[in-house]
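Shown below: model.cif, with mmCIF, C-alpha atoms.
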```
data_coords
loop_
_atom_site.group_PDB
_atom_site.id
_atom_site.type_symbol
_atom_site.label_atom_id
_atom_site.label_comp_id
_atom_site.auth_asym_id
_atom_site.auth_seq_id
_atom_site.Cartn_x
_atom_site.Cartn_y
_atom_site.Cartn_z
ATOM 1 C CA MET A 1 0.000 0.000 0.000
ATOM 2 C CA LYS A 2 1.281 3.355 -1.016
ATOM 3 C CA ILE A 3 1.438 5.906 1.705
ATOM 4 C CA ARG A 4 1.585 9.521 0.700
ATOM 5 C CA ASN A 5 4.170 11.597 2.336
ATOM 6 C CA ALA A 6 2.404 14.594 3.715
ATOM 7 C CA GLU A 7 5.535 16.639 3.924
ATOM 8 C CA HIS A 8 6.137 16.455 0.140
ATOM 9 C CA ARG A 9 2.688 17.833 -0.843
ATOM 10 C CA GLU A 10 3.193 20.487 -3.562
ATOM 11 C CA GLN A 11 1.508 23.811 -3.211
ATOM 12 C CA ILE A 12 0.038 24.896 -6.574
ATOM 13 C CA LEU A 13 -0.012 28.631 -7.092
ATOM 14 C CA LEU A 14 -2.381 29.841 -9.813
ATOM 15 C CA GLN A 15 -1.098 32.689 -11.968
ATOM 16 C CA MET A 16 -3.911 35.207 -11.647
ATOM 17 C CA THR A 17 -2.208 38.151 -13.334
ATOM 18 C CA PRO A 18 -2.955 37.290 -17.018
ATOM 19 C CA MET A 19 -6.562 36.525 -16.240
ATOM 20 C CA ILE A 20 -7.037 39.771 -14.349
ATOM 21 C CA ASP A 21 -5.357 41.631 -17.213
ATOM 22 C CA ILE A 22 -7.776 40.201 -19.755
ATOM 23 C CA VAL A 23 -10.773 40.667 -17.519
ATOM 24 C CA PHE A 24 -9.930 44.325 -16.998
ATOM 25 C CA GLN A 25 -9.402 44.820 -20.706
ATOM 26 C CA LEU A 26 -12.820 43.332 -21.378
ATOM 27 C CA LEU A 27 -14.315 45.531 -18.725
ATOM 28 C CA VAL A 28 -12.746 48.654 -20.199
ATOM 29 C CA PHE A 29 -13.990 47.698 -23.687
ATOM 30 C CA PHE A 30 -17.546 47.248 -22.468
ATOM 31 C CA VAL A 31 -17.459 50.470 -20.470
ATOM 32 C CA PHE A 32 -16.289 52.476 -23.480
ATOM 33 C CA THR A 33 -18.777 50.906 -25.900
ATOM 34 C CA PHE A 34 -21.660 51.305 -23.478
ATOM 35 C CA LYS A 35 -24.370 53.417 -25.027
ATOM 36 C CA ILE A 36 -27.757 54.140 -23.596
ATOM 37 C CA VAL A 37 -30.291 53.561 -26.355
ATOM 38 C CA LEU A 38 -33.777 54.591 -25.414
ATOM 39 C CA PRO A 39 -36.639 52.601 -26.903
ATOM 40 C CA GLU A 40 -38.013 54.538 -29.848
ATOM 41 C CA GLY A 41 -40.600 53.843 -32.477
ATOM 42 C CA ASP A 42 -41.855 55.273 -35.717
ATOM 43 C CA PHE A 43 -45.018 56.366 -37.410
ATOM 44 C CA ASN A 44 -44.512 55.776 -41.091
ATOM 45 C CA ILE A 45 -46.210 58.147 -43.454
ATOM 46 C CA ARG A 46 -45.925 58.411 -47.189
ATOM 47 C CA MET A 47 -46.264 61.930 -48.487
ATOM 48 C CA PRO A 48 -45.387 62.425 -52.127
ATOM 49 C CA SER A 49 -44.775 65.943 -53.308
ATOM 50 C CA SER A 50 -47.870 67.916 -54.217
ATOM 51 C CA SER A 51 -47.180 67.644 -57.956
ATOM 52 C CA ALA A 52 -46.957 63.844 -57.730
ATOM 53 C CA SER A 53 -50.054 63.543 -55.558
ATOM 54 C CA GLU A 54 -52.115 65.479 -58.055
ATOM 55 C CA VAL A 55 -51.455 62.778 -60.612
ATOM 56 C CA SER A 56 -52.393 59.925 -58.265
ATOM 57 C CA GLN A 57 -55.893 58.569 -58.263
ATOM 58 C CA PRO A 58 -58.194 60.115 -55.686
ATOM 59 C CA SER A 59 -59.414 57.783 -52.981
ATOM 60 C CA GLU A 60 -63.052 56.665 -53.012
ATOM 61 C CA THR A 61 -63.506 57.364 -49.320
ATOM 62 C CA PRO A 62 -63.835 61.010 -48.331
ATOM 63 C CA LEU A 63 -60.840 62.598 -46.701
ATOM 64 C CA LEU A 64 -61.197 63.214 -42.968
ATOM 65 C CA LYS A 65 -59.716 66.460 -41.753
ATOM 66 C CA VAL A 66 -58.377 66.953 -38.266
ATOM 67 C CA ARG A 67 -57.619 70.522 -37.314
ATOM 68 C CA LEU A 68 -55.359 71.338 -34.406
ATOM 69 C CA ARG A 69 -55.511 74.911 -33.231
ATOM 70 C CA ALA A 70 -52.817 76.406 -31.039
ATOM 71 C CA THR A 71 -52.626 79.156 -28.464
ATOM 72 C CA PRO A 72 -49.966 81.859 -29.043
ATOM 73 C CA THR A 73 -47.626 79.876 -26.758
ATOM 74 C CA GLY A 74 -47.986 76.710 -28.826
ATOM 75 C CA GLU A 75 -50.275 74.873 -26.440
ATOM 76 C CA LEU A 76 -53.344 73.086 -27.736
ATOM 77 C CA ALA A 77 -56.404 75.302 -27.982
ATOM 78 C CA ARG A 78 -58.880 73.136 -29.867
ATOM 79 C CA VAL A 79 -59.192 69.903 -31.789
ATOM 80 C CA GLN A 80 -61.630 69.645 -34.647
ATOM 81 C CA LEU A 81 -62.668 66.608 -36.639
ATOM 82 C CA GLY A 82 -64.291 67.984 -39.757
ATOM 83 C CA ASP A 83 -66.827 70.424 -38.382
ATOM 84 C CA ILE A 84 -67.081 68.781 -34.981
ATOM 85 C CA VAL A 85 -65.268 70.658 -32.255
ATOM 86 C CA LEU A 86 -63.791 68.385 -29.608
ATOM 87 C CA ASP A 87 -63.257 70.386 -26.482
ATOM 88 C CA GLY A 88 -63.289 69.610 -22.813
ATOM 89 C CA GLN A 89 -61.210 66.975 -21.122
ATOM 90 C CA ALA A 90 -58.972 64.680 -23.189
ATOM 91 C CA PRO A 91 -59.789 65.933 -26.701
ATOM 92 C CA PHE A 92 -57.508 63.320 -28.262
ATOM 93 C CA ALA A 93 -59.371 60.542 -26.481
ATOM 94 C CA GLN A 94 -62.574 61.998 -27.945
ATOM 95 C CA LEU A 95 -60.974 62.162 -31.369
ATOM 96 C CA HIS A 96 -59.928 58.545 -31.021
ATOM 97 C CA ALA A 97 -63.440 57.511 -30.017
ATOM 98 C CA LYS A 98 -64.945 59.378 -32.988
ATOM 99 C CA ILE A 99 -62.485 57.873 -35.471
ATOM 100 C CA ARG A 100 -63.040 54.426 -34.018
ATOM 101 C CA GLY A 101 -66.788 54.915 -34.247
ATOM 102 C CA MET A 102 -66.532 56.038 -37.869
ATOM 103 C CA ILE A 103 -64.125 53.432 -39.086
ATOM 104 C CA GLY A 104 -64.475 50.491 -36.802
ATOM 105 C CA ASP A 105 -61.793 47.909 -36.629
ATOM 106 C CA ALA A 106 -63.761 44.683 -36.976
ATOM 107 C CA ALA A 107 -62.241 44.015 -40.378
ATOM 108 C CA GLY A 108 -58.769 43.765 -38.943
ATOM 109 C CA PRO A 109 -55.608 45.736 -39.346
ATOM 110 C CA GLY A 110 -54.961 47.596 -42.531
ATOM 111 C CA ALA A 111 -58.450 47.030 -43.859
ATOM 112 C CA THR A 112 -59.382 50.661 -44.143
ATOM 113 C CA GLU A 113 -58.524 52.892 -47.066
ATOM 114 C CA GLN A 114 -59.565 55.946 -45.108
ATOM 115 C CA GLU A 115 -57.151 58.822 -45.242
ATOM 116 C CA VAL A 116 -56.830 61.501 -42.585
ATOM 117 C CA GLU A 117 -55.265 64.877 -43.121
ATOM 118 C CA ILE A 118 -53.907 66.792 -40.152
ATOM 119 C CA GLU A 119 -53.988 70.536 -40.428
ATOM 120 C CA ALA A 120 -52.114 72.041 -37.534
ATOM 121 C CA ASP A 121 -51.228 75.597 -36.654
ATOM 122 C CA TYR A 122 -47.605 76.438 -37.386
ATOM 123 C CA ASN A 123 -46.572 77.138 -33.813
ATOM 124 C CA LEU A 124 -48.323 74.150 -32.237
ATOM 125 C CA LYS A 125 -46.029 71.953 -30.190
ATOM 126 C CA TYR A 126 -45.136 68.747 -31.990
ATOM 127 C CA LYS A 127 -46.234 66.527 -29.096
ATOM 128 C CA PHE A 128 -49.861 67.437 -29.828
ATOM 129 C CA ALA A 129 -49.490 66.392 -33.450
ATOM 130 C CA MET A 130 -48.008 63.117 -32.221
ATOM 131 C CA ASN A 131 -50.982 62.689 -29.894
ATOM 132 C CA ALA A 132 -53.328 63.256 -32.811
ATOM 133 C CA ILE A 133 -51.481 60.686 -34.934
ATOM 134 C CA THR A 134 -51.629 58.236 -32.031
ATOM 135 C CA ALA A 135 -55.361 58.796 -31.640
ATOM 136 C CA ILE A 136 -55.975 58.313 -35.351
ATOM 137 C CA THR A 137 -53.726 55.397 -36.207
ATOM 138 C CA GLY A 138 -54.687 52.840 -33.614
ATOM 139 C CA TYR A 139 -54.916 51.721 -30.053
ATOM 140 C CA ILE A 140 -53.704 49.073 -27.654
ATOM 141 C CA ASP A 141 -56.336 46.882 -26.061
ATOM 142 C CA ASP A 142 -56.386 45.556 -22.505
ATOM 143 C CA ASN A 143 -54.378 42.498 -23.541
ATOM 144 C CA GLY A 144 -51.598 44.665 -24.886
ATOM 145 C CA GLN A 145 -52.519 43.857 -28.479
ATOM 146 C CA GLN A 146 -52.068 46.668 -30.986
ATOM 147 C CA HIS A 147 -54.936 47.423 -33.376
ATOM 148 C CA LYS A 148 -54.682 49.667 -36.367
ATOM 149 C CA LEU A 149 -57.334 52.121 -37.409
ATOM 150 C CA VAL A 150 -56.207 54.580 -40.071
ATOM 151 C CA GLU A 151 -52.875 53.920 -41.699
ATOM 152 C CA ARG A 152 -52.924 56.728 -44.202
ATOM 153 C CA VAL A 153 -52.188 59.915 -42.341
ATOM 154 C CA ARG A 154 -50.695 63.022 -43.849
ATOM 155 C CA PHE A 155 -50.170 66.648 -43.027
ATOM 156 C CA ALA A 156 -52.032 69.333 -44.898
ATOM 157 C CA PRO A 157 -49.752 71.383 -47.142
ATOM 158 C CA LEU A 158 -48.388 74.484 -45.504
ATOM 159 C CA PRO A 159 -50.000 77.718 -46.570
ATOM 160 C CA ASP A 160 -47.798 79.797 -48.824
ATOM 161 C CA ALA A 161 -45.607 82.275 -47.012
ATOM 162 C CA PRO A 162 -47.054 85.771 -46.921
ATOM 163 C CA MET B 1 19.290 47.085 18.068
ATOM 164 C CA ARG B 2 16.227 45.120 17.201
ATOM 165 C CA ILE B 3 16.753 42.065 15.119
ATOM 166 C CA ARG B 4 13.795 40.703 13.178
ATOM 167 C CA PRO B 5 13.366 36.989 13.340
ATOM 168 C CA LYS B 6 14.011 35.395 9.942
ATOM 169 C CA GLY B 7 11.129 33.007 10.176
ATOM 170 C CA ASP B 8 8.420 35.758 9.903
ATOM 171 C CA THR B 9 9.202 36.856 6.316
ATOM 172 C CA GLY B 10 6.222 35.042 4.758
ATOM 173 C CA ILE B 11 4.557 36.107 1.470
ATOM 174 C CA VAL B 12 1.459 38.185 2.071
ATOM 175 C CA GLU B 13 -1.249 37.454 -0.527
ATOM 176 C CA GLY B 14 -4.371 39.558 -0.798
ATOM 177 C CA ASP B 15 -7.648 37.753 -1.295
ATOM 178 C CA LEU B 16 -8.569 38.423 -4.935
ATOM 179 C CA THR B 17 -11.825 36.492 -4.946
ATOM 180 C CA PRO B 18 -14.235 39.391 -4.164
ATOM 181 C CA MET B 19 -12.572 41.617 -6.749
ATOM 182 C CA ILE B 20 -12.785 38.959 -9.457
ATOM 183 C CA ASP B 21 -16.401 38.243 -8.517
ATOM 184 C CA MET B 22 -17.257 41.911 -8.851
ATOM 185 C CA THR B 23 -15.387 42.308 -12.129
ATOM 186 C CA PHE B 24 -17.109 39.316 -13.664
ATOM 187 C CA GLN B 25 -20.461 40.652 -12.582
ATOM 188 C CA LEU B 26 -19.682 43.982 -14.220
ATOM 189 C CA ILE B 27 -18.617 42.239 -17.421
ATOM 190 C CA ALA B 28 -21.780 40.159 -17.419
ATOM 191 C CA PHE B 29 -23.864 43.315 -16.965
ATOM 192 C CA PHE B 30 -22.176 45.187 -19.798
ATOM 193 C CA MET B 31 -22.407 42.155 -22.067
ATOM 194 C CA LEU B 32 -26.141 41.982 -21.521
ATOM 195 C CA VAL B 33 -26.809 45.658 -22.110
ATOM 196 C CA ILE B 34 -24.402 46.183 -25.003
ATOM 197 C CA ASN B 35 -26.085 47.480 -28.105
ATOM 198 C CA PHE B 36 -24.384 47.445 -31.465
ATOM 199 C CA SER B 37 -27.212 49.208 -33.254
ATOM 200 C CA ASP B 38 -26.219 52.332 -35.133
ATOM 201 C CA ALA B 39 -29.434 54.133 -34.221
ATOM 202 C CA GLU B 40 -28.860 57.835 -34.468
ATOM 203 C CA GLN B 41 -29.926 59.435 -31.235
ATOM 204 C CA ASP B 42 -29.307 62.833 -29.812
ATOM 205 C CA GLN B 43 -29.699 63.699 -26.177
ATOM 206 C CA ARG B 44 -30.687 67.266 -27.043
ATOM 207 C CA ILE B 45 -33.962 65.993 -28.452
ATOM 208 C CA LYS B 46 -36.753 65.004 -26.116
ATOM 209 C CA LEU B 47 -39.062 62.929 -28.253
ATOM 210 C CA PRO B 48 -42.832 63.016 -27.810
ATOM 211 C CA ALA B 49 -44.202 59.861 -26.219
ATOM 212 C CA SER B 50 -46.662 57.514 -27.824
ATOM 213 C CA GLU B 51 -47.879 54.084 -26.858
ATOM 214 C CA LEU B 52 -48.132 53.142 -30.540
ATOM 215 C CA ALA B 53 -44.568 54.071 -31.407
ATOM 216 C CA LYS B 54 -42.997 50.702 -32.019
ATOM 217 C CA PRO B 55 -39.589 49.945 -33.493
ATOM 218 C CA PRO B 56 -39.743 49.229 -37.244
ATOM 219 C CA ALA B 57 -40.089 45.564 -38.175
ATOM 220 C CA ALA B 58 -37.290 45.804 -40.720
ATOM 221 C CA ARG B 59 -34.265 48.056 -40.745
ATOM 222 C CA TYR B 60 -34.411 51.016 -43.057
ATOM 223 C CA GLU B 61 -31.875 50.972 -45.828
ATOM 224 C CA GLN B 62 -29.693 54.061 -45.771
ATOM 225 C CA PRO B 63 -32.140 56.284 -43.929
ATOM 226 C CA LEU B 64 -31.606 59.987 -43.496
ATOM 227 C CA THR B 65 -32.092 61.252 -39.977
ATOM 228 C CA ILE B 66 -33.019 64.848 -39.330
ATOM 229 C CA HIS B 67 -33.278 66.143 -35.785
ATOM 230 C CA LEU B 68 -35.263 69.195 -34.801
ATOM 231 C CA THR B 69 -34.577 70.892 -31.505
ATOM 232 C CA LYS B 70 -37.051 72.944 -29.539
ATOM 233 C CA ASN B 71 -34.991 76.040 -30.403
ATOM 234 C CA ASP B 72 -35.894 75.647 -34.076
ATOM 235 C CA HIS B 73 -32.463 74.314 -34.948
ATOM 236 C CA PHE B 74 -31.783 71.298 -37.126
ATOM 237 C CA ILE B 75 -29.200 68.613 -36.509
ATOM 238 C CA TYR B 76 -28.109 66.739 -39.559
ATOM 239 C CA ALA B 77 -25.108 64.413 -39.824
ATOM 240 C CA GLY B 78 -23.901 65.553 -36.433
ATOM 241 C CA ARG B 79 -23.919 69.245 -37.343
ATOM 242 C CA GLU B 80 -26.264 71.757 -35.803
ATOM 243 C CA LEU B 81 -27.807 74.001 -38.441
ATOM 244 C CA THR B 82 -29.676 77.140 -37.585
ATOM 245 C CA GLU B 83 -31.419 77.777 -40.880
ATOM 246 C CA LEU B 84 -33.649 75.693 -43.064
ATOM 247 C CA ALA B 85 -31.743 76.848 -46.155
ATOM 248 C CA LYS B 86 -28.567 75.237 -44.796
ATOM 249 C CA LEU B 87 -30.421 72.004 -44.132
ATOM 250 C CA LYS B 88 -31.783 72.074 -47.670
ATOM 251 C CA SER B 89 -28.284 72.515 -49.032
ATOM 252 C CA GLU B 90 -27.013 69.570 -46.958
ATOM 253 C CA LEU B 91 -29.922 67.435 -48.118
ATOM 254 C CA LEU B 92 -29.228 68.354 -51.712
ATOM 255 C CA LYS B 93 -25.632 67.186 -51.314
ATOM 256 C CA GLU B 94 -26.845 63.946 -49.747
ATOM 257 C CA THR B 95 -29.290 63.462 -52.601
ATOM 258 C CA GLN B 96 -26.513 63.799 -55.154
ATOM 259 C CA ILE B 97 -24.400 61.261 -53.267
ATOM 260 C CA LEU B 98 -27.312 58.841 -53.097
ATOM 261 C CA LEU B 99 -28.066 59.192 -56.778
ATOM 262 C CA ARG B 100 -24.444 58.846 -57.812
ATOM 263 C CA HIS B 101 -23.346 56.000 -55.595
ATOM 264 C CA THR B 102 -26.421 53.888 -55.033
ATOM 265 C CA SER B 103 -29.098 52.407 -57.223
ATOM 266 C CA LYS B 104 -31.773 53.365 -54.748
ATOM 267 C CA LYS B 105 -34.590 55.646 -55.801
ATOM 268 C CA LEU B 106 -35.088 58.681 -53.630
ATOM 269 C CA GLU B 107 -38.754 57.889 -53.104
ATOM 270 C CA ASP B 108 -37.710 54.632 -51.429
ATOM 271 C CA VAL B 109 -35.344 56.304 -48.993
ATOM 272 C CA THR B 110 -36.847 56.835 -45.559
ATOM 273 C CA VAL B 111 -36.369 60.180 -43.909
ATOM 274 C CA ILE B 112 -36.457 59.769 -40.136
ATOM 275 C CA ILE B 113 -37.631 62.900 -38.393
ATOM 276 C CA ARG B 114 -36.659 63.138 -34.743
ATOM 277 C CA ALA B 115 -38.350 66.285 -33.575
ATOM 278 C CA ASP B 116 -38.404 67.539 -30.019
ATOM 279 C CA GLN B 117 -41.778 67.360 -28.334
ATOM 280 C CA ASP B 118 -41.822 71.154 -28.043
ATOM 281 C CA ALA B 119 -40.678 71.833 -31.602
ATOM 282 C CA LYS B 120 -43.131 73.604 -33.872
ATOM 283 C CA VAL B 121 -45.307 71.394 -36.056
ATOM 284 C CA GLY B 122 -44.928 73.957 -38.834
ATOM 285 C CA LEU B 123 -41.187 73.488 -38.807
ATOM 286 C CA VAL B 124 -41.572 69.723 -39.048
ATOM 287 C CA GLN B 125 -43.794 70.323 -42.054
ATOM 288 C CA GLU B 126 -41.208 72.677 -43.549
ATOM 289 C CA VAL B 127 -38.600 69.923 -43.265
ATOM 290 C CA MET B 128 -40.974 67.437 -44.881
ATOM 291 C CA LYS B 129 -41.713 69.904 -47.646
ATOM 292 C CA ALA B 130 -38.000 70.428 -48.273
ATOM 293 C CA CYS B 131 -37.567 66.656 -48.502
ATOM 294 C CA GLN B 132 -40.552 66.343 -50.818
ATOM 295 C CA GLU B 133 -39.021 68.907 -53.145
ATOM 296 C CA LEU B 134 -36.014 66.617 -53.396
ATOM 297 C CA GLN B 135 -38.336 63.689 -54.263
ATOM 298 C CA PHE B 136 -38.283 61.982 -50.871
ATOM 299 C CA GLU B 137 -41.646 60.460 -50.045
ATOM 300 C CA LYS B 138 -41.245 58.149 -47.097
ATOM 301 C CA PHE B 139 -41.132 59.676 -43.661
ATOM 302 C CA ALA B 140 -40.809 58.098 -40.257
ATOM 303 C CA LEU B 141 -41.918 60.333 -37.430
ATOM 304 C CA ARG B 142 -40.030 59.125 -34.427
ATOM 305 C CA GLY B 143 -41.497 58.991 -30.956
ATOM 306 C CA LYS B 144 -40.517 57.646 -27.582
ATOM 307 C CA GLN B 145 -42.157 54.393 -26.599
ATOM 308 C CA SER B 146 -44.574 54.769 -23.768
ATOM 309 C CA GLU B 147 -46.175 52.153 -21.595
ATOM 310 C CA ILE B 148 -48.949 54.458 -20.528
ATOM 311 C CA ARG B 149 -51.761 55.899 -22.603
ATOM 312 C CA THR B 150 -50.657 59.273 -23.940
ATOM 313 C CA ILE B 151 -53.880 60.579 -25.441
ATOM 314 C CA GLY B 152 -55.719 60.818 -22.146
ATOM 315 C CA GLY B 153 -59.076 59.362 -21.281
ATOM 316 C CA THR B 154 -59.654 55.766 -20.199
#
```
Rewritten as structure tokens:
Amino acid sequence: MKIRNAEHREQILLQMTPMIDIVFQLLVFFVFTFKIVLPEGDFNIRMPSSSASEVSQPSETPLLKVRLRATPTGELARVQLGDIVLDGQAPFAQLHAKIRGMIGDAAGPGATEQEVEIEADYNLKYKFAMNAITAITGYIDDNGQQHKLVERVRFAPLPDAP
Amino acid sequence: MRIRPKGDTGIVEGDLTPMIDMTFQLIAFFMLVINFSDAEQDQRIKLPASELAKPPAARYEQPLTIHLTKNDHFIYAGRELTELAKLKSELLKETQILLRHTSKKLEDVTVIIRADQDAKVGLVQEVMKACQELQFEKFALRGKQSEIRTIGGT
């Protein structure tokens, strides 16, 4: 039977330096390439130039016009869908309800050919236009599912400069 | 005179385990959050929020990104421009490059508009009009993703 000699037990020393070197290099690389990217999304709109759009075939469904009026400071003064003035609390929620009532979404996403034109005052803050686009283009139901309403949204041409 | 005993000159080794643990945790964190996307973002722009703003399903091919600040300035290709005429001139140059070096039609190029939430809508329209004059047709209005309903109501 072999008996180990306890006095001759070798002590193994691990070389940590190269590993620490590499680990720190990796850490420095990740720190320098670290970039905070906020989650962003897009609303895609196709707006050909006015000369090109004149040539295109007019849609069969009547164009819905949403007017956004601004106060002198750029805040929202009034929302109008055609001739209907939507005032009071949450005008964009009202706009959404009206659009949803008009169009309906039973046919599924992308089924509607309806086009909506947004005519906004020049100095209106952009966030209100984004709210209007959100109200028009769709909604998210209680299950987190996204439904589309109107996909064709465009801005009214700017009036000619005085 | 004090004489140190020879037997006490042992090697003092620091315990590296907590430091290595910590470093590996940091590396793991950075590896998880690393993002190689070349999304053009600018911290000067505070995007309007929308619950419907979702990232595009497919990447745009050679998009043009125009930023609009709340001070009515434009940021294009990393340069801050104070006048629309300068932006138009930059866009014209870009158009010529696109036409010369790519087979892509201008109407298929997406123009990403990153406008500040307090920027003027009219100015956004001016930018779109300038792009339209150069035959661009596709626009992507960029917004910040929101988990809450942004249009009010219930």
Output the contact residues of chain B with respect to chain A at a cut-off of 8 Å, based on all atoms listed in the file, as a ChimeraX atom specification. /B:20,23-24,26-27,30-31,33-35,39,41,48-56,115-126,129,132-133,135-145,150-154
Expand the PyMOL selection byres ((chain B and resi 77) around 10) into the individual residues it matches in the shown file, reporting them as a PyMOL selection string. chain B and resi 40+64-67+74-76+78-80+90
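Between CA of Ile97 (chain B) and CA of Thr69 (chain B) the separation is 25.9 Å.
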Computed interatomic separation between CA of Asp142 (chain A) and CA of Ser146 (chain B) (Å):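 These atoms are spaced 15.0 Å apart.
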Could you check how far CA of Glu61 (chain B) sits from CA of Leu134 (chain B), in Å to one decimal? 17.9 Å
Counting only C-alpha atoms, write as an MDAnalysis selection string all protein and nucleic acid residues lying at most 9 Å from (-64.4, 60.8, -39.7) in the file's frame. chainID A and resid 62:66 81:82 98:103 114 116
